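The next block is query-v6.pdb, given as PDB, C-alpha atoms (C1' of nucleotides).
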```
MODEL        1
ATOM      1  CA  MET A   3      19.912  37.310  11.606
ATOM      2  CA  LYS A   4      16.942  39.658  11.365
ATOM      3  CA  SER A   5      14.676  39.857  14.359
ATOM      4  CA  THR A   6      11.642  38.622  12.419
ATOM      5  CA  GLU A   7      13.605  35.569  11.357
ATOM      6  CA  ASN A   8      14.512  35.003  14.919
ATOM      7  CA  ASN A   9      10.898  35.407  15.988
ATOM      8  CA  HIS A  10       9.825  32.897  13.410
ATOM      9  CA  SER A  11      12.475  30.432  14.507
ATOM     10  CA  ILE A  12      11.180  30.682  18.025
ATOM     11  CA  LEU A  13       7.624  30.360  16.787
ATOM     12  CA  LEU A  14       8.405  27.202  14.839
ATOM     13  CA  HIS A  15      10.304  25.780  17.758
ATOM     14  CA  LYS A  16       7.459  26.534  20.122
ATOM     15  CA  HIS A  17       5.094  24.557  17.924
ATOM     16  CA  GLY A  18       7.466  21.597  17.796
ATOM     17  CA  LEU A  19       8.385  22.167  14.161
ATOM     18  CA  LYS A  20      11.818  22.146  12.611
ATOM     19  CA  VAL A  21      13.327  25.383  11.432
ATOM     20  CA  THR A  22      14.197  25.269   7.731
ATOM     21  CA  PRO A  23      14.986  28.000   5.206
ATOM     22  CA  LEU A  24      11.728  27.426   3.325
ATOM     23  CA  ARG A  25       9.605  27.597   6.450
ATOM     24  CA  LEU A  26      11.270  30.787   7.565
ATOM     25  CA  ALA A  27      10.756  32.229   4.104
ATOM     26  CA  ILE A  28       7.061  31.306   4.074
ATOM     27  CA  LEU A  29       6.496  32.845   7.476
ATOM     28  CA  ASP A  30       8.469  35.888   6.400
ATOM     29  CA  VAL A  31       6.233  36.398   3.363
ATOM     30  CA  LEU A  32       3.064  35.888   5.365
ATOM     31  CA  GLY A  33       4.324  38.117   8.139
ATOM     32  CA  ARG A  34       4.988  40.957   5.719
ATOM     33  CA  HIS A  35       1.440  40.958   4.375
ATOM     34  CA  HIS A  36      -1.651  42.046   6.196
ATOM     35  CA  SER A  37      -4.078  40.305   3.861
ATOM     36  CA  PRO A  38      -4.363  36.563   3.282
ATOM     37  CA  LEU A  39      -2.272  35.211   0.399
ATOM     38  CA  THR A  40      -2.816  32.277  -1.926
ATOM     39  CA  ALA A  41      -0.282  29.477  -2.372
ATOM     40  CA  GLU A  42       0.308  30.963  -5.806
ATOM     41  CA  GLU A  43       1.021  34.408  -4.402
ATOM     42  CA  ILE A  44       3.323  33.012  -1.757
ATOM     43  CA  SER A  45       5.189  31.059  -4.458
ATOM     44  CA  THR A  46       5.714  34.203  -6.499
ATOM     45  CA  LYS A  47       7.045  36.111  -3.531
ATOM     46  CA  LEU A  48       9.454  33.294  -2.683
ATOM     47  CA  LYS A  49      11.500  34.040  -5.790
ATOM     48  CA  ASP A  50      14.861  33.892  -3.990
ATOM     49  CA  VAL A  51      14.173  30.525  -2.433
ATOM     50  CA  ASP A  52      14.358  27.235  -4.255
ATOM     51  CA  PHE A  53      11.460  25.045  -3.275
ATOM     52  CA  ASP A  54       8.868  22.567  -4.398
ATOM     53  CA  ARG A  55       5.141  23.216  -4.617
ATOM     54  CA  ALA A  56       4.275  20.024  -2.755
ATOM     55  CA  THR A  57       6.492  21.090   0.123
ATOM     56  CA  LEU A  58       4.885  24.510   0.195
ATOM     57  CA  PHE A  59       1.451  22.930   0.505
ATOM     58  CA  ARG A  60       2.730  20.519   3.122
ATOM     59  CA  SER A  61       4.180  23.353   5.156
ATOM     60  CA  LEU A  62       0.981  25.376   4.866
ATOM     61  CA  LYS A  63      -1.009  22.363   6.008
ATOM     62  CA  THR A  64       1.283  21.789   8.964
ATOM     63  CA  PHE A  65       1.247  25.479   9.912
ATOM     64  CA  ASN A  66      -2.528  25.528   9.732
ATOM     65  CA  GLU A  67      -2.847  22.423  11.899
ATOM     66  CA  THR A  68      -0.542  23.872  14.520
ATOM     67  CA  GLU A  69      -2.429  27.175  14.262
ATOM     68  CA  LEU A  70       0.638  29.084  13.258
ATOM     69  CA  ILE A  71      -1.346  30.291  10.263
ATOM     70  CA  ARG A  72      -5.029  30.284   9.375
ATOM     71  CA  ALA A  73      -6.450  28.897   6.118
ATOM     72  CA  ILE A  74      -9.186  31.047   4.639
ATOM     73  CA  ASP A  75     -11.667  30.045   1.965
ATOM     74  CA  LEU A  76     -13.336  32.979   0.273
ATOM     75  CA  GLY A  77     -15.023  30.808  -2.325
ATOM     76  CA  GLU A  78     -12.472  31.573  -5.027
ATOM     77  CA  GLY A  79     -11.656  27.934  -5.674
ATOM     78  CA  PHE A  80      -8.375  28.067  -3.807
ATOM     79  CA  MET A  81      -7.243  28.749  -0.259
ATOM     80  CA  ARG A  82      -5.686  31.810   1.240
ATOM     81  CA  TYR A  83      -3.406  31.829   4.243
ATOM     82  CA  GLU A  84      -2.695  34.444   6.880
ATOM     83  CA  ILE A  85      -0.354  34.433   9.800
ATOM     84  CA  VAL A  86      -2.077  34.123  13.164
ATOM     85  CA  CYS A  87      -1.433  37.063  15.407
ATOM     86  CA  GLU A  88      -2.757  37.610  18.911
ATOM     87  CA  LYS A  89      -3.829  41.135  18.078
ATOM     88  CA  HIS A  90      -6.322  40.028  15.468
ATOM     89  CA  ASP A  91      -7.368  36.743  16.920
ATOM     90  CA  HIS A  92     -10.697  35.929  15.331
ATOM     91  CA  HIS A  93     -11.924  38.223  12.584
ATOM     92  CA  HIS A  94     -13.743  38.527   9.293
ATOM     93  CA  HIS A  95     -13.029  39.936   5.845
ATOM     94  CA  VAL A  96     -14.421  42.054   3.034
ATOM     95  CA  MET A  97     -13.114  41.333  -0.427
ATOM     96  CA  CYS A  98     -13.391  43.637  -3.398
ATOM     97  CA  THR A  99     -14.963  41.609  -6.191
ATOM     98  CA  ASN A 100     -12.987  43.603  -8.731
ATOM     99  CA  CYS A 101      -9.442  44.176  -7.451
ATOM    100  CA  LYS A 102      -9.566  41.322  -4.915
ATOM    101  CA  LYS A 103      -8.302  43.569  -2.137
ATOM    102  CA  ILE A 104      -9.096  41.984   1.220
ATOM    103  CA  GLU A 105      -9.638  43.935   4.410
ATOM    104  CA  MET A 106     -10.381  42.913   7.949
ATOM    105  CA  ILE A 107     -13.671  44.040   9.420
ATOM    106  CA  PRO A 108     -14.150  44.912  13.073
ATOM    107  CA  PHE A 109     -17.411  43.029  13.522
ATOM    108  CA  CYS A 110     -18.470  39.498  14.274
ATOM    109  CA  VAL A 111     -21.711  37.566  13.948
ATOM    110  CA  PRO A 112     -24.542  38.528  16.318
ATOM    111  CA  PRO A 113     -24.494  36.446  19.518
ATOM    112  CA  GLN A 114     -28.223  35.962  19.014
ATOM    113  CA  ILE A 115     -27.518  33.397  16.307
ATOM    114  CA  SER A 116     -25.077  31.307  18.324
ATOM    115  CA  ASN A 117     -27.467  31.445  21.259
ATOM    116  CA  HIS A 118     -30.274  30.185  19.086
ATOM    117  CA  LEU A 119     -28.144  27.336  17.770
ATOM    118  CA  LEU A 120     -27.009  26.357  21.260
ATOM    119  CA  LYS A 121     -30.630  26.383  22.350
ATOM    120  CA  VAL A 122     -31.641  23.925  19.622
ATOM    121  CA  GLY A 123     -28.836  21.555  20.579
ATOM    122  CA  TYR A 124     -25.734  22.494  18.599
ATOM    123  CA  THR A 125     -22.374  22.328  20.307
ATOM    124  CA  ASN A 126     -18.799  23.142  19.295
ATOM    125  CA  LEU A 127     -20.001  26.052  17.224
ATOM    126  CA  SER A 128     -17.859  27.938  14.761
ATOM    127  CA  HIS A 129     -18.730  30.156  11.859
ATOM    128  CA  ARG A 130     -17.615  31.929   8.716
ATOM    129  CA  MET A 131     -18.733  35.344   7.582
ATOM    130  CA  ASP A 132     -17.341  37.256   4.626
ATOM    131  CA  PHE A 133     -18.454  40.297   2.718
ATOM    132  CA  PHE A 134     -18.012  41.035  -0.964
ATOM    133  CA  GLY A 135     -18.460  44.251  -2.890
ATOM    134  CA  LEU A 136     -16.742  46.910  -4.928
ATOM    135  CA  CYS A 137     -14.238  48.861  -2.860
ATOM    136  CA  SER A 138     -14.257  52.650  -2.960
ATOM    137  CA  LYS A 139     -11.580  52.736  -5.669
ATOM    138  CA  CYS A 140     -13.333  50.197  -7.888
ATOM    139  CA  SER A 141     -16.832  51.600  -7.359
TER     140      SER A 141
ATOM    141  CA  MET B   8     -47.379  14.534 -16.369
ATOM    142  CA  LYS B   9     -46.884  15.249 -12.678
ATOM    143  CA  SER B  10     -47.566  18.789 -11.536
ATOM    144  CA  THR B  11     -43.998  19.316 -10.325
ATOM    145  CA  GLU B  12     -42.715  18.298 -13.736
ATOM    146  CA  ASN B  13     -45.100  20.744 -15.269
ATOM    147  CA  ASN B  14     -43.955  23.465 -12.875
ATOM    148  CA  HIS B  15     -40.359  22.819 -13.761
ATOM    149  CA  SER B  16     -41.142  22.931 -17.481
ATOM    150  CA  ILE B  17     -42.727  26.312 -16.988
ATOM    151  CA  LEU B  18     -39.806  27.416 -14.840
ATOM    152  CA  LEU B  19     -37.252  26.427 -17.487
ATOM    153  CA  HIS B  20     -39.299  28.065 -20.201
ATOM    154  CA  LYS B  21     -39.613  31.259 -18.175
ATOM    155  CA  HIS B  22     -35.835  31.458 -17.910
ATOM    156  CA  GLY B  23     -35.407  30.931 -21.649
ATOM    157  CA  LEU B  24     -34.015  27.428 -21.246
ATOM    158  CA  LYS B  25     -34.955  24.320 -23.168
ATOM    159  CA  VAL B  26     -36.886  21.595 -21.434
ATOM    160  CA  THR B  27     -35.035  18.277 -21.526
ATOM    161  CA  PRO B  28     -35.437  15.048 -19.557
ATOM    162  CA  LEU B  29     -32.161  15.568 -17.707
ATOM    163  CA  ARG B  30     -33.003  19.109 -16.707
ATOM    164  CA  LEU B  31     -36.403  18.097 -15.448
ATOM    165  CA  ALA B  32     -34.801  15.270 -13.521
ATOM    166  CA  ILE B  33     -32.213  17.568 -11.935
ATOM    167  CA  LEU B  34     -34.861  20.071 -10.889
ATOM    168  CA  ASP B  35     -36.991  17.231  -9.614
ATOM    169  CA  VAL B  36     -34.178  15.962  -7.393
ATOM    170  CA  LEU B  37     -33.359  19.448  -6.125
ATOM    171  CA  GLY B  38     -37.029  20.218  -5.592
ATOM    172  CA  ARG B  39     -37.503  17.127  -3.457
ATOM    173  CA  HIS B  40     -34.716  18.069  -1.067
ATOM    174  CA  HIS B  41     -34.717  20.909   1.384
ATOM    175  CA  SER B  42     -30.979  20.945   1.934
ATOM    176  CA  PRO B  43     -28.357  21.758  -0.677
ATOM    177  CA  LEU B  44     -26.988  18.762  -2.592
ATOM    178  CA  THR B  45     -23.594  18.135  -4.157
ATOM    179  CA  ALA B  46     -23.164  17.203  -7.823
ATOM    180  CA  GLU B  47     -22.213  13.772  -6.534
ATOM    181  CA  GLU B  48     -25.410  13.441  -4.532
ATOM    182  CA  ILE B  49     -27.521  14.632  -7.439
ATOM    183  CA  SER B  50     -25.796  12.087  -9.689
ATOM    184  CA  THR B  51     -26.588   9.279  -7.303
ATOM    185  CA  LYS B  52     -30.224  10.261  -7.082
ATOM    186  CA  LEU B  53     -30.509  10.405 -10.875
ATOM    187  CA  LYS B  54     -30.159   6.644 -11.099
ATOM    188  CA  ASP B  55     -33.037   6.206 -13.563
ATOM    189  CA  VAL B  56     -31.719   8.809 -15.967
ATOM    190  CA  ASP B  57     -28.853   8.271 -18.372
ATOM    191  CA  PHE B  58     -26.626  11.312 -18.400
ATOM    192  CA  ASP B  59     -23.104  12.636 -18.554
ATOM    193  CA  ARG B  60     -21.280  14.303 -15.688
ATOM    194  CA  ALA B  61     -20.150  17.212 -17.890
ATOM    195  CA  THR B  62     -23.731  17.883 -18.861
ATOM    196  CA  LEU B  63     -24.807  17.818 -15.240
ATOM    197  CA  PHE B  64     -22.206  20.433 -14.373
ATOM    198  CA  ARG B  65     -23.180  22.482 -17.412
ATOM    199  CA  SER B  66     -26.820  22.395 -16.413
ATOM    200  CA  LEU B  67     -26.018  23.354 -12.834
ATOM    201  CA  LYS B  68     -23.926  26.242 -14.093
ATOM    202  CA  THR B  69     -26.688  27.437 -16.387
ATOM    203  CA  PHE B  70     -29.308  27.089 -13.662
ATOM    204  CA  ASN B  71     -27.134  29.032 -11.270
ATOM    205  CA  GLU B  72     -26.549  31.820 -13.760
ATOM    206  CA  THR B  73     -30.254  32.138 -14.461
ATOM    207  CA  GLU B  74     -30.893  31.992 -10.716
ATOM    208  CA  LEU B  75     -33.056  28.932 -10.991
ATOM    209  CA  ILE B  76     -30.796  27.362  -8.400
ATOM    210  CA  ARG B  77     -28.212  28.713  -5.997
ATOM    211  CA  ALA B  78     -24.642  27.412  -5.725
ATOM    212  CA  ILE B  79     -23.415  27.138  -2.157
ATOM    213  CA  ASP B  80     -19.847  26.767  -1.002
ATOM    214  CA  LEU B  81     -19.534  25.525   2.561
ATOM    215  CA  GLY B  82     -15.788  25.106   2.296
ATOM    216  CA  GLU B  83     -15.960  21.379   1.754
ATOM    217  CA  GLY B  84     -13.967  21.471  -1.462
ATOM    218  CA  PHE B  85     -17.006  21.058  -3.682
ATOM    219  CA  MET B  86     -20.190  22.972  -4.396
ATOM    220  CA  ARG B  87     -23.707  22.334  -3.226
ATOM    221  CA  TYR B  88     -26.820  23.375  -5.053
ATOM    222  CA  GLU B  89     -30.302  24.232  -3.863
ATOM    223  CA  ILE B  90     -33.398  25.201  -5.754
ATOM    224  CA  VAL B  91     -34.329  28.861  -5.440
ATOM    225  CA  CYS B  92     -37.730  29.353  -3.890
ATOM    226  CA  GLU B  93     -39.491  32.630  -3.174
ATOM    227  CA  LYS B  94     -40.354  31.503   0.344
ATOM    228  CA  HIS B  95     -36.737  31.235   1.410
ATOM    229  CA  ASP B  96     -35.203  33.932  -0.700
ATOM    230  CA  HIS B  97     -31.923  34.797   0.974
ATOM    231  CA  HIS B  98     -30.840  32.675   3.907
ATOM    232  CA  HIS B  99     -27.957  31.070   5.744
ATOM    233  CA  HIS B 100     -27.027  27.582   6.903
ATOM    234  CA  VAL B 101     -25.702  25.547   9.819
ATOM    235  CA  MET B 102     -23.904  22.372   8.973
ATOM    236  CA  CYS B 103     -23.195  19.533  11.364
ATOM    237  CA  THR B 104     -19.481  18.866  11.182
ATOM    238  CA  ASN B 105     -20.098  15.195  11.887
ATOM    239  CA  CYS B 106     -23.180  14.014   9.955
ATOM    240  CA  LYS B 107     -23.090  16.890   7.436
ATOM    241  CA  LYS B 108     -26.754  17.678   7.987
ATOM    242  CA  ILE B 109     -27.497  21.186   6.754
ATOM    243  CA  GLU B 110     -30.253  23.374   8.117
ATOM    244  CA  MET B 111     -31.454  26.829   7.258
ATOM    245  CA  ILE B 112     -31.181  29.471   9.956
ATOM    246  CA  PRO B 113     -33.667  32.303  10.370
ATOM    247  CA  PHE B 114     -31.083  35.035  10.858
ATOM    248  CA  CYS B 115     -28.986  37.262   8.678
ATOM    249  CA  VAL B 116     -25.907  39.416   9.235
ATOM    250  CA  PRO B 117     -26.353  42.534  11.369
ATOM    251  CA  PRO B 118     -27.210  45.621   9.247
ATOM    252  CA  GLN B 119     -24.548  47.457  11.254
ATOM    253  CA  ILE B 120     -21.833  45.732   9.246
ATOM    254  CA  SER B 121     -23.257  46.544   5.816
ATOM    255  CA  ASN B 122     -23.828  50.119   6.961
ATOM    256  CA  HIS B 123     -20.228  50.389   8.047
ATOM    257  CA  LEU B 124     -18.990  49.027   4.722
ATOM    258  CA  LEU B 125     -21.228  51.375   2.749
ATOM    259  CA  LYS B 126     -19.914  54.245   4.839
ATOM    260  CA  VAL B 127     -16.313  53.437   3.974
ATOM    261  CA  GLY B 128     -17.103  53.302   0.266
ATOM    262  CA  TYR B 129     -18.118  49.761  -0.612
ATOM    263  CA  THR B 130     -20.936  49.244  -3.095
ATOM    264  CA  ASN B 131     -22.734  46.200  -4.509
ATOM    265  CA  LEU B 132     -22.412  44.410  -1.219
ATOM    266  CA  SER B 133     -23.138  40.761  -0.705
ATOM    267  CA  HIS B 134     -22.105  38.337   1.980
ATOM    268  CA  ARG B 135     -21.773  34.768   3.125
ATOM    269  CA  MET B 136     -22.357  33.484   6.617
ATOM    270  CA  ASP B 137     -22.377  29.865   7.681
ATOM    271  CA  PHE B 138     -22.303  28.094  11.008
ATOM    272  CA  PHE B 139     -20.699  24.779  11.848
ATOM    273  CA  GLY B 140     -21.051  22.581  14.893
ATOM    274  CA  LEU B 141     -22.230  19.250  16.200
ATOM    275  CA  CYS B 142     -25.987  18.866  15.852
ATOM    276  CA  SER B 143     -28.047  17.664  18.798
ATOM    277  CA  LYS B 144     -27.910  14.037  17.599
ATOM    278  CA  CYS B 145     -24.134  14.062  17.068
ATOM    279  CA  SER B 146     -23.311  16.012  20.238
TER     280      SER B 146
ATOM    281  C1'  DT C  17     -34.402  24.912 -39.222
ATOM    282  C1'  DT C  18     -31.425  26.247 -35.852
ATOM    283  C1'  DA C  19     -29.799  27.460 -31.490
ATOM    284  C1'  DG C  20     -29.237  25.210 -27.539
ATOM    285  C1'  DC C  21     -28.314  20.793 -25.379
ATOM    286  C1'  DT C  22     -25.836  16.514 -25.145
ATOM    287  C1'  DG C  23     -22.130  12.644 -24.800
ATOM    288  C1'  DC C  24     -17.517  11.531 -25.095
ATOM    289  C1'  DA C  25     -12.882  12.305 -24.284
ATOM    290  C1'  DA C  26      -9.500  15.195 -22.838
ATOM    291  C1'  DA C  27      -7.817  19.093 -20.257
ATOM    292  C1'  DG C  28      -7.483  22.235 -16.280
ATOM    293  C1'  DT C  29      -6.740  23.784 -11.518
ATOM    294  C1'  DA C  30      -5.709  23.251  -6.785
ATOM    295  C1'  DT C  31      -3.945  20.163  -3.824
ATOM    296  C1'  DT C  32      -2.159  15.542  -2.099
ATOM    297  C1'  DT C  33       0.642  11.339  -1.834
ATOM    298  C1'  DG C  34       4.472   7.795  -2.308
ATOM    299  C1'  DC C  35       9.048   7.276  -2.045
ATOM    300  C1'  DA C  36      13.724   7.760  -1.337
ATOM    301  C1'  DG C  37      17.150  11.007  -0.008
ATOM    302  C1'  DT C  38      18.630  15.108   3.070
ATOM    303  C1'  DG C  39      19.243  17.904   7.026
ATOM    304  C1'  DG C  40      17.767  19.837  11.755
ATOM    305  C1'  DT C  41      18.250  18.895  16.540
TER     306       DT C  41
ATOM    307  C1'  DA D  12      21.546   9.086  14.768
ATOM    308  C1'  DC D  13      16.811   9.737  14.100
ATOM    309  C1'  DC D  14      12.866  11.438  12.327
ATOM    310  C1'  DA D  15      10.924  15.391  10.366
ATOM    311  C1'  DC D  16      11.396  17.684   6.148
ATOM    312  C1'  DT D  17      12.312  17.808   1.299
ATOM    313  C1'  DG D  18      12.187  17.224  -4.036
ATOM    314  C1'  DC D  19      10.445  14.748  -7.713
ATOM    315  C1'  DA D  20       6.892  12.577 -10.106
ATOM    316  C1'  DA D  21       2.612  10.837 -10.239
ATOM    317  C1'  DA D  22      -2.030  10.840  -8.556
ATOM    318  C1'  DT D  23      -6.338  12.787  -6.866
ATOM    319  C1'  DA D  24     -10.744  15.456  -6.763
ATOM    320  C1'  DC D  25     -13.781  18.545  -8.682
ATOM    321  C1'  DT D  26     -15.002  20.910 -12.565
ATOM    322  C1'  DT D  27     -14.485  22.713 -17.399
ATOM    323  C1'  DT D  28     -13.785  22.568 -22.412
ATOM    324  C1'  DG D  29     -13.663  21.151 -27.475
ATOM    325  C1'  DC D  30     -16.049  19.035 -30.746
ATOM    326  C1'  DA D  31     -19.454  16.791 -33.389
ATOM    327  C1'  DG D  32     -24.012  14.913 -33.325
ATOM    328  C1'  DC D  33     -28.876  15.397 -31.556
ATOM    329  C1'  DT D  34     -33.296  17.618 -30.382
ATOM    330  C1'  DA D  35     -36.590  20.932 -28.501
ATOM    331  C1'  DA D  36     -38.962  24.894 -30.183
TER     332       DA D  36
ENDMDL
END
```
Could the structure of this file be written out as structure tokens, please?
Amino acid sequence: MKSTENNHSILLHKHGLKVTPLRLAILDVLGRHHSPLTAEEISTKLKDVDFDRATLFRSLKTFNETELIRAIDLGEGFMRYEIVCEKHDHHHHVMCTNCKKIEMIPFCVPPQISNHLLKVGYTNLSHRMDFFGLCSKCS
Amino acid sequence: MKSTENNHSILLHKHGLKVTPLRLAILDVLGRHHSPLTAEEISTKLKDVDFDRATLFRSLKTFNETELIRAIDLGEGFMRYEIVCEKHDHHHHVMCTNCKKIEMIPFCVPPQISNHLLKVGYTNLSHRMDFFGLCSKCS
DNA sequence: TTAGCTGCAAAGTATTTGCAGTGGT
DNA sequence: ACCACTGCAAATACTTTGCAGCTAA
């Protein structure tokens, strides 16, 4: 058993989820990639595993709810999913509008905005911030 | 003819679009509301007009492409649309996660981020930034 | 007159659900 | 053994498309 597989078993177990071949495979795929993948992309990369689309979506939903992965909506009309890792807890992305490459960016929203919103009565604040543009290769 | 109707006729004409009852009605509905509406909400408010859903979506698409309106994706699984007005050119929103009230916020992303992205080779930059939380009433 | 707009019906895309069987723990 | 997980098929939600007729300019 590879160590990543073992890690993922432990991870699943920790979150009270059962360890199945498909789930390990999904986490394996997500763990191998630094940028968020679509259900479609995950499917393609799961070529050695026999599985059903509905189950994939169900697993992704469960993983997202237990915060094992994070669902990301970049306005493409479908979701992307990335594995949650302590190193890159909360972060934002830039996406190339041409080649669709997605990178993390080391900045967050200005605290000024959250402060303003708290001041006018908002609570339980969260936010989304994404950038789009042509990457250096596509420019 | 009401002055808003007249304004919208001129607006459509300016953008090279034909003036039809449905289009005037859509712009009328959007013009009356300060927060972005869904296709569903627009439909409901068009109760006096006889129209087809496909045509509504086609009009919204056309309006968005000609920048008469702006399509907004707040990650709800459907689009929202707001009329473009010079006063509030580019702006961002806060949405109450409970009552779905949407407000404009008078802040934009820090220039630091765009500068960083330009420095690493990105061009044609754009961005999205939205806040979510419980509004003062729902808190 | 003639593009552009429209209604109708059907299709498309991403995701979800019901149900009965299987498999992890 | 029990319940979470699974496959299969069908359904859902939002939006788009093809086509033929209509209408604003």
At a cut-off of 7 Å, using all atoms listed in the file, what residues contact range 136-139 of chain B? Leave out same-chain residues fewer than 6 positions from it and give the result as an mmCIF file with C-alpha atoms, in the coordinates of the input.
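Resulting contents of selection14.cif:
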```cif
data_model
loop_
_atom_site.group_PDB
_atom_site.id
_atom_site.type_symbol
_atom_site.label_atom_id
_atom_site.label_comp_id
_atom_site.auth_asym_id
_atom_site.auth_seq_id
_atom_site.Cartn_x
_atom_site.Cartn_y
_atom_site.Cartn_z
ATOM 1 C CA LEU A 127 -20.001 26.052 17.224
ATOM 2 C CA SER A 128 -17.859 27.938 14.761
ATOM 3 C CA HIS A 129 -18.730 30.156 11.859
ATOM 4 C CA ARG A 130 -17.615 31.929 8.716
ATOM 5 C CA MET A 131 -18.733 35.344 7.582
ATOM 6 C CA ASP A 132 -17.341 37.256 4.626
ATOM 7 C CA HIS B 99 -27.957 31.070 5.744
ATOM 8 C CA HIS B 100 -27.027 27.582 6.903
ATOM 9 C CA VAL B 101 -25.702 25.547 9.819
ATOM 10 C CA MET B 102 -23.904 22.372 8.973
ATOM 11 C CA CYS B 103 -23.195 19.533 11.364
ATOM 12 C CA THR B 104 -19.481 18.866 11.182
#
```
Mind telling me what the PyMOL selection byres ((chain D) within 10 of (chain A)) catches here, as a PyMOL selection string?
chain D and resi 15-19
Answer key for the PyMOL selection byres ((chain C) within 8 of (chain B)), residues as a PyMOL selection string:
chain C and resi 20-23
Residue list for chain B near chain A as JSON, numbers by chain, 9 Å, all atoms listed in the file
{"B": [80, 81, 82, 84, 85, 101, 103, 112, 113, 114, 115, 116, 117, 119, 120, 121, 124, 127, 128, 129, 130, 131, 132, 133, 134, 135, 136, 137, 138, 139, 140, 141, 142, 143, 144, 145, 146]}
Find the residues near DA12 in chain D: any atom within 12 Å, counting all atoms listed in the file, skip ones fewer than 4 places away on the same chain, and give them as a PyMOL selection string.
chain C and resi 39-41
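Here CA of Leu63 in chain B is placed at a distance of 7.6 Å from CA of Ala46 in chain B.
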In Å and to one decimal, CA of Lys47 in chain A is distant from CA of Ala27 in chain A by 9.3 Å
Could you tell me how far CA of Val36 in chain B lies from CA of Cys106 in chain B, in Å and to one decimal?
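Result for CA of Val36 in chain B versus CA of Cys106 in chain B: 20.6 Å, one decimal.
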Quick one: residues within 10 Å of DA27 in chain C, only C-alpha atoms (C1' of nucleotides), excluding same-chain residues fewer than 2 positions away - as a PyMOL selection string?
(chain C and resi 25+29) or (chain D and resi 27-29)
Which polymer residues have any atom within 12 Å of an atom of His17 in chain A, counting all atoms listed in the file, with same-chain residues fewer than 2 positions away left out, as a list of chain:residue names?
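Surrounding residues, per the criterion: A:His10, A:Ser11, A:Ile12, A:Leu13, A:Leu14, A:His15, A:Leu19, A:Lys20, A:Val21, A:Thr64, A:Phe65, A:Asn66, A:Glu67, A:Thr68, A:Glu69, A:Leu70, A:Ile71.
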So that I have them on file, write out the residues from the current selection with C-alpha atoms, as an mmCIF file, keeping the file's coordinate frame.
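Below is the file that was written, out-v1.cif:
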```cif
data_model
loop_
_atom_site.group_PDB
_atom_site.id
_atom_site.type_symbol
_atom_site.label_atom_id
_atom_site.label_comp_id
_atom_site.auth_asym_id
_atom_site.auth_seq_id
_atom_site.Cartn_x
_atom_site.Cartn_y
_atom_site.Cartn_z
ATOM 1 C CA HIS A 10 9.825 32.897 13.410
ATOM 2 C CA SER A 11 12.475 30.432 14.507
ATOM 3 C CA ILE A 12 11.180 30.682 18.025
ATOM 4 C CA LEU A 13 7.624 30.360 16.787
ATOM 5 C CA LEU A 14 8.405 27.202 14.839
ATOM 6 C CA HIS A 15 10.304 25.780 17.758
ATOM 7 C CA LEU A 19 8.385 22.167 14.161
ATOM 8 C CA LYS A 20 11.818 22.146 12.611
ATOM 9 C CA VAL A 21 13.327 25.383 11.432
ATOM 10 C CA THR A 64 1.283 21.789 8.964
ATOM 11 C CA PHE A 65 1.247 25.479 9.912
ATOM 12 C CA ASN A 66 -2.528 25.528 9.732
ATOM 13 C CA GLU A 67 -2.847 22.423 11.899
ATOM 14 C CA THR A 68 -0.542 23.872 14.520
ATOM 15 C CA GLU A 69 -2.429 27.175 14.262
ATOM 16 C CA LEU A 70 0.638 29.084 13.258
ATOM 17 C CA ILE A 71 -1.346 30.291 10.263
#
```
